[in-house]
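Colleague: Supplied structure: my_file21.csv, CSV, C-alpha atoms.
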chain,number,residue,atom,x,y,z
A,1,MET,CA,-72.1,13.7,75.2
A,2,ARG,CA,-70.0,11.7,77.6
A,3,THR,CA,-70.9,8.6,75.8
A,4,LEU,CA,-69.9,10.1,72.4
A,5,ILE,CA,-66.5,11.1,73.7
A,6,ILE,CA,-65.9,7.6,75.1
A,7,THR,CA,-66.9,6.1,71.8
A,8,ALA,CA,-64.5,8.3,69.8
A,9,SER,CA,-61.6,7.5,72.1
A,10,LEU,CA,-62.2,3.8,71.7
A,11,MET,CA,-62.3,4.0,67.9
A,12,ALA,CA,-59.1,6.0,67.6
A,13,PRO,CA,-56.8,3.0,68.3
A,14,VAL,CA,-58.7,1.0,65.8
A,15,LEU,CA,-58.2,3.6,63.1
A,16,LEU,CA,-54.5,3.8,64.0
A,17,LEU,CA,-54.2,0.1,63.9
A,18,ALA,CA,-55.8,0.0,60.5
A,19,GLY,CA,-53.5,2.7,59.2
A,20,THR,CA,-50.5,0.7,60.5
A,21,VAL,CA,-51.7,-2.4,58.6
A,22,VAL,CA,-52.1,-0.5,55.3
A,23,ALA,CA,-48.6,1.1,55.7
A,24,GLN,CA,-47.0,-2.4,56.1
A,25,THR,CA,-48.7,-4.0,53.1
A,26,THR,CA,-48.3,-1.2,50.6
A,27,PRO,CA,-44.5,-1.9,49.8
A,28,ALA,CA,-45.3,-5.6,49.1
A,29,ALA,CA,-47.9,-4.6,46.6
A,30,ASN,CA,-45.5,-2.2,44.8
A,31,ALA,CA,-42.4,-4.3,44.7
A,32,TYR,CA,-39.2,-2.6,43.5
A,33,PRO,CA,-39.2,-3.1,39.7
A,34,TYR,CA,-35.5,-3.5,39.2
A,35,ASP,CA,-33.0,-6.3,39.9
A,36,LYS,CA,-29.5,-6.0,41.1
A,37,ALA,CA,-27.3,-4.5,38.4
A,38,PRO,CA,-24.6,-6.8,36.8
A,39,TRP,CA,-21.0,-6.2,37.7
A,40,TRP,CA,-20.1,-4.5,34.5
A,41,MET,CA,-22.7,-1.7,35.1
A,42,LYS,CA,-20.6,-0.3,37.9
A,43,GLU,CA,-18.5,1.5,35.3
A,44,SER,CA,-19.3,3.5,32.1
A,45,VAL,CA,-20.1,1.0,29.5
A,46,ILE,CA,-21.9,0.7,26.1
A,47,THR,CA,-23.9,-2.4,25.2
A,48,GLN,CA,-24.3,-3.2,21.6
A,49,THR,CA,-26.1,-6.0,19.8
A,50,GLY,CA,-24.9,-7.1,16.3
A,51,PHE,CA,-27.6,-8.3,13.9
A,52,VAL,CA,-26.7,-10.2,10.7
A,53,ARG,CA,-28.5,-12.2,8.1
A,54,THR,CA,-27.5,-14.2,5.1
A,55,GLU,CA,-29.0,-16.5,2.4
A,56,ILE,CA,-27.7,-20.0,1.6
A,57,GLU,CA,-29.0,-22.5,-0.8
A,58,ALA,CA,-30.9,-25.4,0.7
A,59,ASN,CA,-28.7,-28.5,1.1
A,60,ARG,CA,-31.4,-31.2,1.7
A,61,ALA,CA,-34.1,-32.4,-0.6
A,62,ASN,CA,-36.8,-35.0,0.1
A,63,PHE,CA,-39.3,-36.6,-2.3
A,64,SER,CA,-41.1,-39.9,-2.7
A,65,ALA,CA,-42.6,-42.1,-5.4
A,66,GLN,CA,-45.2,-45.0,-5.4
A,67,PHE,CA,-45.1,-48.1,-7.6
A,68,GLN,CA,-48.3,-50.0,-7.8
A,69,THR,CA,-48.6,-53.5,-9.2
A,70,VAL,CA,-51.4,-56.1,-9.4
A,71,GLY,CA,-50.9,-59.9,-9.5
A,72,ARG,CA,-53.1,-63.0,-9.4
A,73,THR,CA,-51.4,-64.1,-6.2
A,74,ALA,CA,-49.7,-62.1,-3.4
A,75,GLU,CA,-46.3,-63.5,-4.5
A,76,ASP,CA,-46.9,-62.5,-8.1
A,77,ALA,CA,-47.8,-58.9,-7.2
A,78,GLN,CA,-44.8,-58.6,-4.9
A,79,ASN,CA,-42.4,-59.9,-7.5
A,80,LYS,CA,-43.7,-57.5,-10.0
A,81,ALA,CA,-43.2,-54.5,-7.7
A,82,ILE,CA,-39.7,-55.7,-6.8
A,83,ALA,CA,-38.8,-56.2,-10.5
A,84,GLN,CA,-40.1,-52.7,-11.4
A,85,THR,CA,-37.9,-51.0,-8.8
A,86,LYS,CA,-34.8,-53.3,-8.9
A,87,ALA,CA,-33.0,-51.4,-11.6
A,88,LEU,CA,-33.9,-48.1,-10.0
A,89,ASN,CA,-32.5,-49.1,-6.6
A,90,GLU,CA,-29.3,-50.2,-8.2
A,91,ALA,CA,-28.9,-47.0,-10.1
A,92,LEU,CA,-29.6,-44.9,-7.0
A,93,LYS,CA,-27.1,-46.8,-5.0
A,94,LYS,CA,-24.4,-45.9,-7.6
A,95,LEU,CA,-24.9,-42.2,-6.7
A,96,GLY,CA,-23.5,-43.0,-3.2
A,97,ALA,CA,-25.2,-43.8,0.1
A,98,ASP,CA,-23.8,-40.7,1.7
A,99,LYS,CA,-25.4,-38.6,-1.1
A,100,VAL,CA,-28.8,-40.3,-1.4
A,101,GLN,CA,-30.5,-42.1,1.4
A,102,ILE,CA,-33.3,-44.4,0.4
A,103,SER,CA,-36.1,-45.9,2.5
A,104,THR,CA,-38.9,-48.2,1.3
A,105,SER,CA,-42.5,-48.9,2.4
A,106,PHE,CA,-44.7,-51.8,1.4
A,107,ALA,CA,-48.5,-52.3,1.5
A,108,MET,CA,-50.7,-55.1,0.0
A,109,ARG,CA,-54.4,-55.5,-0.2
A,110,ALA,CA,-56.7,-58.0,-1.7
A,111,LEU,CA,-59.0,-57.2,-4.7
A,112,TYR,CA,-62.2,-59.1,-4.5
A,113,GLU,CA,-64.6,-60.3,-7.1
A,114,GLN,CA,-67.4,-57.9,-7.9
A,115,TYR,CA,-71.0,-58.5,-9.0
A,116,LYS,CA,-74.2,-56.6,-9.5
A,117,ASP,CA,-77.3,-57.0,-7.5
A,118,LYS,CA,-80.8,-57.1,-9.0
A,119,ASP,CA,-81.0,-53.3,-9.1
A,120,GLY,CA,-77.7,-53.0,-11.0
A,121,ASN,CA,-75.6,-51.8,-8.1
A,122,ARG,CA,-72.0,-53.0,-8.1
A,123,ILE,CA,-71.2,-55.1,-5.0
A,124,GLU,CA,-67.7,-56.1,-3.9
A,125,ASN,CA,-67.2,-59.4,-2.2
A,126,GLN,CA,-65.4,-59.5,1.2
A,127,ARG,CA,-65.0,-63.2,1.5
A,128,GLY,CA,-61.6,-64.9,1.5
A,129,ASP,CA,-62.6,-67.4,-1.1
A,130,LYS,CA,-63.7,-64.6,-3.5
A,131,ILE,CA,-60.2,-62.9,-3.9
A,132,ASP,CA,-59.6,-62.0,-7.5
A,133,ALA,CA,-56.1,-60.5,-7.3
A,134,TYR,CA,-53.7,-58.7,-5.1
A,135,GLN,CA,-52.5,-55.1,-5.3
A,136,VAL,CA,-49.1,-54.0,-4.0
A,137,ASN,CA,-48.0,-50.5,-3.3
A,138,LEU,CA,-44.2,-50.1,-3.0
A,139,GLY,CA,-43.0,-46.7,-1.9
A,140,LEU,CA,-39.6,-45.2,-2.2
A,141,THR,CA,-38.6,-42.1,-0.1
A,142,LEU,CA,-35.4,-40.3,-0.9
A,143,GLN,CA,-33.4,-37.8,1.0
A,144,VAL,CA,-30.8,-36.2,-1.2
A,145,ARG,CA,-28.0,-34.8,0.9
A,146,ASP,CA,-25.9,-33.6,-2.0
A,147,MET,CA,-27.6,-31.2,-4.3
A,148,ALA,CA,-25.1,-32.0,-7.1
A,149,VAL,CA,-26.9,-35.3,-7.7
A,150,LEU,CA,-30.5,-34.1,-7.1
A,151,GLU,CA,-31.4,-33.8,-10.7
A,152,ARG,CA,-29.9,-37.1,-11.6
A,153,ALA,CA,-31.8,-38.9,-8.7
A,154,TYR,CA,-35.1,-37.3,-9.6
A,155,ALA,CA,-34.7,-38.2,-13.3
A,156,LEU,CA,-33.9,-41.8,-12.4
A,157,VAL,CA,-37.1,-42.1,-10.3
A,158,LEU,CA,-39.3,-40.6,-13.1
A,159,ALA,CA,-37.6,-42.8,-15.7
A,160,ALA,CA,-38.7,-45.9,-13.7
A,161,ASN,CA,-42.4,-45.0,-14.5
A,162,PRO,CA,-43.8,-44.7,-11.0
A,163,THR,CA,-47.6,-44.7,-10.4
A,164,SER,CA,-47.4,-41.4,-8.5
A,165,THR,CA,-44.8,-39.0,-7.1
A,166,ALA,CA,-44.7,-36.4,-4.4
A,167,PRO,CA,-43.3,-32.8,-4.8
A,168,ILE,CA,-39.7,-32.1,-3.8
A,169,TYR,CA,-39.3,-30.5,-0.4
A,170,PHE,CA,-36.2,-28.5,0.3
A,171,ASN,CA,-34.6,-27.5,3.7
A,172,LEU,CA,-31.4,-26.2,5.0
A,173,GLU,CA,-29.2,-27.8,7.6
A,174,PRO,CA,-26.3,-25.4,8.1
A,175,SER,CA,-23.0,-26.8,9.2
A,176,ASN,CA,-21.3,-26.0,12.5
A,177,GLU,CA,-18.7,-24.0,10.6
A,178,THR,CA,-21.4,-21.9,9.0
A,179,LYS,CA,-23.0,-21.2,12.4
A,180,SER,CA,-19.7,-20.2,13.8
A,181,TRP,CA,-19.0,-17.9,10.9
A,182,LEU,CA,-22.4,-16.2,11.1
A,183,TYR,CA,-21.9,-15.6,14.9
A,184,SER,CA,-18.5,-14.2,14.2
A,185,GLU,CA,-20.0,-11.8,11.7
A,186,ALA,CA,-22.6,-10.7,14.3
A,187,VAL,CA,-19.8,-9.9,16.8
A,188,LYS,CA,-18.1,-7.8,14.1
A,189,ASP,CA,-21.3,-6.0,13.4
A,190,ALA,CA,-21.7,-5.2,17.1
A,191,ALA,CA,-18.2,-3.8,17.2
A,192,ARG,CA,-18.9,-1.6,14.2
A,193,ARG,CA,-22.1,-0.3,15.8
A,194,ALA,CA,-20.5,0.3,19.2
A,195,LYS,CA,-17.5,2.2,17.7
A,196,SER,CA,-19.8,4.4,15.6
A,197,ALA,CA,-22.1,5.1,18.6
A,198,ALA,CA,-19.2,6.0,20.9
A,199,ALA,CA,-17.6,8.3,18.3
A,200,ASP,CA,-21.0,10.1,17.7
A,201,ALA,CA,-21.2,10.7,21.5
A,202,GLY,CA,-17.7,12.1,21.7
A,203,GLY,CA,-16.2,9.1,23.4
A,204,MET,CA,-13.9,6.2,22.7
A,205,LEU,CA,-14.4,2.5,23.1
A,206,GLY,CA,-12.5,0.8,25.9
A,207,LYS,CA,-11.8,-2.9,26.6
A,208,VAL,CA,-14.3,-5.6,25.9
A,209,LYS,CA,-16.1,-6.6,29.1
A,210,VAL,CA,-18.7,-9.1,28.0
A,211,ILE,CA,-19.3,-11.1,24.7
A,212,ASP,CA,-22.7,-12.8,24.9
A,213,PRO,CA,-23.7,-15.1,22.0
A,214,THR,CA,-27.3,-15.2,23.2
A,215,GLY,CA,-27.7,-11.5,23.1
A,216,ARG,CA,-29.2,-11.4,26.7
A,217,ALA,CA,-26.6,-9.1,28.1
A,218,CYS,CA,-27.9,-6.3,25.9
A,219,GLU,CA,-31.6,-6.7,26.7
A,220,THR,CA,-33.2,-4.4,29.2
A,221,ASP,CA,-34.5,-7.1,31.5
A,222,ILE,CA,-31.0,-7.4,32.8
A,223,LEU,CA,-32.1,-4.3,34.9
A,224,ALA,CA,-35.9,-4.4,34.6
A,225,ARG,CA,-38.1,-7.4,35.1
A,226,VAL,CA,-40.0,-7.0,31.8
A,227,ALA,CA,-38.3,-6.8,28.4
A,228,PRO,CA,-39.2,-7.4,24.8
A,229,ASN,CA,-38.2,-10.8,23.5
A,230,TYR,CA,-37.8,-10.5,19.7
A,231,PHE,CA,-35.3,-10.4,16.9
A,232,ASP,CA,-35.5,-7.2,14.9
A,233,ASP,CA,-34.5,-8.3,11.5
A,234,THR,CA,-35.0,-4.8,10.1
A,235,GLN,CA,-31.7,-3.9,11.8
A,236,ALA,CA,-29.8,-6.9,10.5
A,237,ILE,CA,-27.1,-6.4,7.9
A,238,THR,CA,-26.7,-8.9,5.1
A,239,VAL,CA,-23.4,-10.8,5.0
A,240,SER,CA,-22.0,-13.1,2.4
A,241,GLY,CA,-19.1,-15.5,2.2
A,242,ALA,CA,-20.5,-18.7,3.7
A,243,LEU,CA,-18.2,-21.7,3.6
A,244,LYS,CA,-17.9,-23.6,0.4
A,245,ARG,CA,-19.3,-26.7,1.9
A,246,ASP,CA,-22.7,-25.0,2.2
A,247,ARG,CA,-22.7,-23.9,-1.4
A,248,VAL,CA,-24.3,-26.0,-4.1
A,249,GLU,CA,-22.2,-27.2,-7.0
A,250,TYR,CA,-23.8,-28.9,-9.9
A,251,ASN,CA,-22.4,-31.7,-12.0
A,252,SER,CA,-23.5,-32.1,-15.5
A,253,PRO,CA,-25.1,-35.5,-16.3
A,254,PRO,CA,-22.9,-37.9,-18.1
A,255,ALA,CA,-23.2,-37.8,-21.9
A,256,ILE,CA,-25.1,-40.6,-23.5
A,257,ARG,CA,-22.8,-43.1,-25.0
A,258,ALA,CA,-23.2,-43.9,-28.6
A,259,GLU,CA,-23.9,-47.6,-28.3
A,260,PRO,CA,-26.5,-49.6,-30.1
A,261,ALA,CA,-28.4,-50.5,-26.9
A,262,PRO,CA,-27.8,-50.7,-23.2
A,263,VAL,CA,-26.8,-54.2,-22.1
A,264,SER,CA,-28.5,-54.1,-18.7
A,265,PRO,CA,-31.8,-52.8,-17.2
A,266,VAL,CA,-29.7,-50.4,-15.0
A,267,GLU,CA,-28.0,-48.9,-18.0
A,268,ALA,CA,-31.3,-48.6,-19.9
A,269,LEU,CA,-32.8,-46.7,-17.0
A,270,GLU,CA,-29.7,-44.4,-16.7
A,271,ALA,CA,-29.9,-43.7,-20.5
A,272,LYS,CA,-33.6,-42.9,-20.3
A,273,ALA,CA,-33.0,-40.6,-17.3
A,274,ALA,CA,-30.1,-38.8,-19.1
A,275,GLN,CA,-32.4,-38.0,-22.0
A,276,ASN,CA,-35.0,-36.3,-19.8
A,277,PRO,CA,-33.2,-34.0,-17.3
A,278,PHE,CA,-35.4,-32.2,-14.8
A,279,LEU,CA,-34.0,-28.9,-13.6
A,280,GLN,CA,-34.1,-28.5,-9.8
A,281,ALA,CA,-32.7,-25.3,-8.3
A,282,PRO,CA,-32.6,-25.4,-4.5
A,283,PRO,CA,-34.2,-22.3,-3.0
A,284,LEU,CA,-32.4,-19.8,-0.8
A,285,SER,CA,-32.9,-20.1,2.9
A,286,GLU,CA,-32.4,-17.3,5.4
A,287,LEU,CA,-30.1,-17.6,8.4
A,288,THR,CA,-29.9,-14.9,11.1
A,289,ALA,CA,-27.7,-14.4,14.1
A,290,LYS,CA,-27.2,-11.9,16.9
A,291,ALA,CA,-24.5,-11.3,19.5
A,292,CYS,CA,-24.1,-8.8,22.3
A,293,VAL,CA,-20.8,-7.1,23.2
A,294,VAL,CA,-20.3,-4.9,26.2
A,295,TYR,CA,-17.5,-2.3,26.0
A,296,GLY,CA,-16.0,0.0,28.5
A,297,LEU,CA,-16.0,3.7,27.6
A,298,ASN,CA,-12.9,6.0,27.8
Write out the structure in this file as structure tokens.

Modeller:
Amino acid sequence: MRTLIITASLMAPVLLLAGTVVAQTTPAANAYPYDKAPWWMKESVITQTGFVRTEIEANRANFSAQFQTVGRTAEDAQNKAIAQTKALNEALKKLGADKVQISTSFAMRALYEQYKDKDGNRIENQRGDKIDAYQVNLGLTLQVRDMAVLERAYALVLAANPTSTAPIYFNLEPSNETKSWLYSEAVKDAARRAKSAAADAGGMLGKVKVIDPTGRACETDILARVAPNYFDDTQAITVSGALKRDRVEYNSPPAIRAEPAPVSPVEALEAKAAQNPFLQAPPLSELTAKACVVYGLN
């Protein structure tokens, strides 16, 4: 019995020591889940996010065309390709470099003589002294920056009889003025929501304390470490009235002049393009914005 008592008394400090270690490490495992509150939370405030969306017609269009020619010599094939696209390039330049930007690509390959073996299989030579002709692929890529001339530019390219064309791809590049206008509308929406919420709660809005264009001030991770990071477009209101510079205005193609025949290849190409207009309606692109406004409460 004496031995048992001594053993128990020796184990007691060990148990106490273990308990002390556990008590010291527990707070570190359960860190306080909140950060320091921002200065504007020391008073009664209301935080409100404004959500807006609008639709604006695309203001950029991109498409390309390929022109393929074959000549007995490399120089012959190249000259044919240049001659086929010369009038087109001049007609496109008349639309304005600021409205239509053009880039070209060039590729050439040799076409070799072919023969059949004893089994009737077609075989293509790969020897330099067996070149039969040369094939040139001349590519034109257009970026139309003014939708008013899109139909005209597209019709001119097709009138030049390209070997192949690619579909038109549209995109929207909003101006800085439009971005500022949309953000202003988001701030107005936040003010409307905050005023309505304060009235419903029996209070009145005070002075503006914070205007945050990023919307971060209204998210819960200002106080808590974890917060949702998303844009709820179901809450957004639709606004209209974008600046005129982001709206598309169409110009009718010039009327065909009643002349016996065009006097130049460029005029011939333009006349052919005017006879076959291709309607191109830029699609609508959605723009969204949000803004956070923090008000005091009276």

Colleague: Please measure the separation of CA of Asp76 (chain A) and CA of Val100 (chain A), giving the value in Å to one decimal.

Modeller: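 Between CA of Asp76 (chain A) and CA of Val100 (chain A) the gap works out to 29.4 Å.
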
Colleague: CA of Ile102 (chain A) and CA of Val149 (chain A) are how many Å apart?

Modeller: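 A separation of 13.8 Å between them.
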
Colleague: Nearest residue to Pro167 (chain A) out of A:Thr141, A:Ser44, A:Gln78, A:Gln126, using all atoms listed in the file?

Modeller: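 Closest to Pro167 (chain A), using all atoms listed in the file: A:Thr141.
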
Colleague: Can you write out as JSON lines which residues of region 85-185 of chain A fall within 8 Å of region 272-287 of chain A, alongside each residue's closest atom pair and its distance in Å to one decimal, counting all atoms listed in the file and ordering rows by chain and ascending residue number?

Modeller:
{"residue": "A:Met147", "atom": "CA", "partner": "A:Pro282", "partner_atom": "CA", "distance": 7.7}
{"residue": "A:Leu150", "atom": "CA", "partner": "A:Gln280", "partner_atom": "CA", "distance": 7.2}
{"residue": "A:Glu151", "atom": "CA", "partner": "A:Phe278", "partner_atom": "CA", "distance": 5.9}
{"residue": "A:Arg152", "atom": "CA", "partner": "A:Pro277", "partner_atom": "CA", "distance": 7.3}
{"residue": "A:Tyr154", "atom": "CA", "partner": "A:Phe278", "partner_atom": "CA", "distance": 7.3}
{"residue": "A:Ala155", "atom": "CA", "partner": "A:Ala273", "partner_atom": "CA", "distance": 5.0}
{"residue": "A:Leu156", "atom": "CA", "partner": "A:Ala273", "partner_atom": "CA", "distance": 5.1}
{"residue": "A:Leu158", "atom": "CA", "partner": "A:Ala273", "partner_atom": "CA", "distance": 7.6}
{"residue": "A:Ala159", "atom": "CA", "partner": "A:Ala273", "partner_atom": "CA", "distance": 5.3}
{"residue": "A:Phe170", "atom": "CA", "partner": "A:Pro282", "partner_atom": "CA", "distance": 6.8}
{"residue": "A:Asn171", "atom": "CA", "partner": "A:Ser285", "partner_atom": "CA", "distance": 7.6}
{"residue": "A:Leu172", "atom": "CA", "partner": "A:Ser285", "partner_atom": "CA", "distance": 6.6}

Colleague: Which residues are close to Phe106 (chain A), i.e. within 9 Å by all atoms listed in the file, leaving aside same-chain residues fewer than 4 positions away? Reply as a list in words.

Modeller: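 My reading of the contact set: Val136, Asn137, Leu138 and Gly139 of chain A.
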
Colleague: When you look at Ile168 (chain A) with a cut-off of 7 Å (counting all atoms listed in the file), what residues show up, excluding the ones that are within fewer than 3 positions of it in the same chain? I need them as a list in words.

Modeller: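 Near neighbours after the sequence-gap exclusion: Ala61, Asn62 and Phe63 of chain A.
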
Colleague: Quick one, how far is CA of Leu95 (chain A) from CA of Glu267 (chain A)?

Modeller: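 These atoms are spaced 13.5 Å apart.
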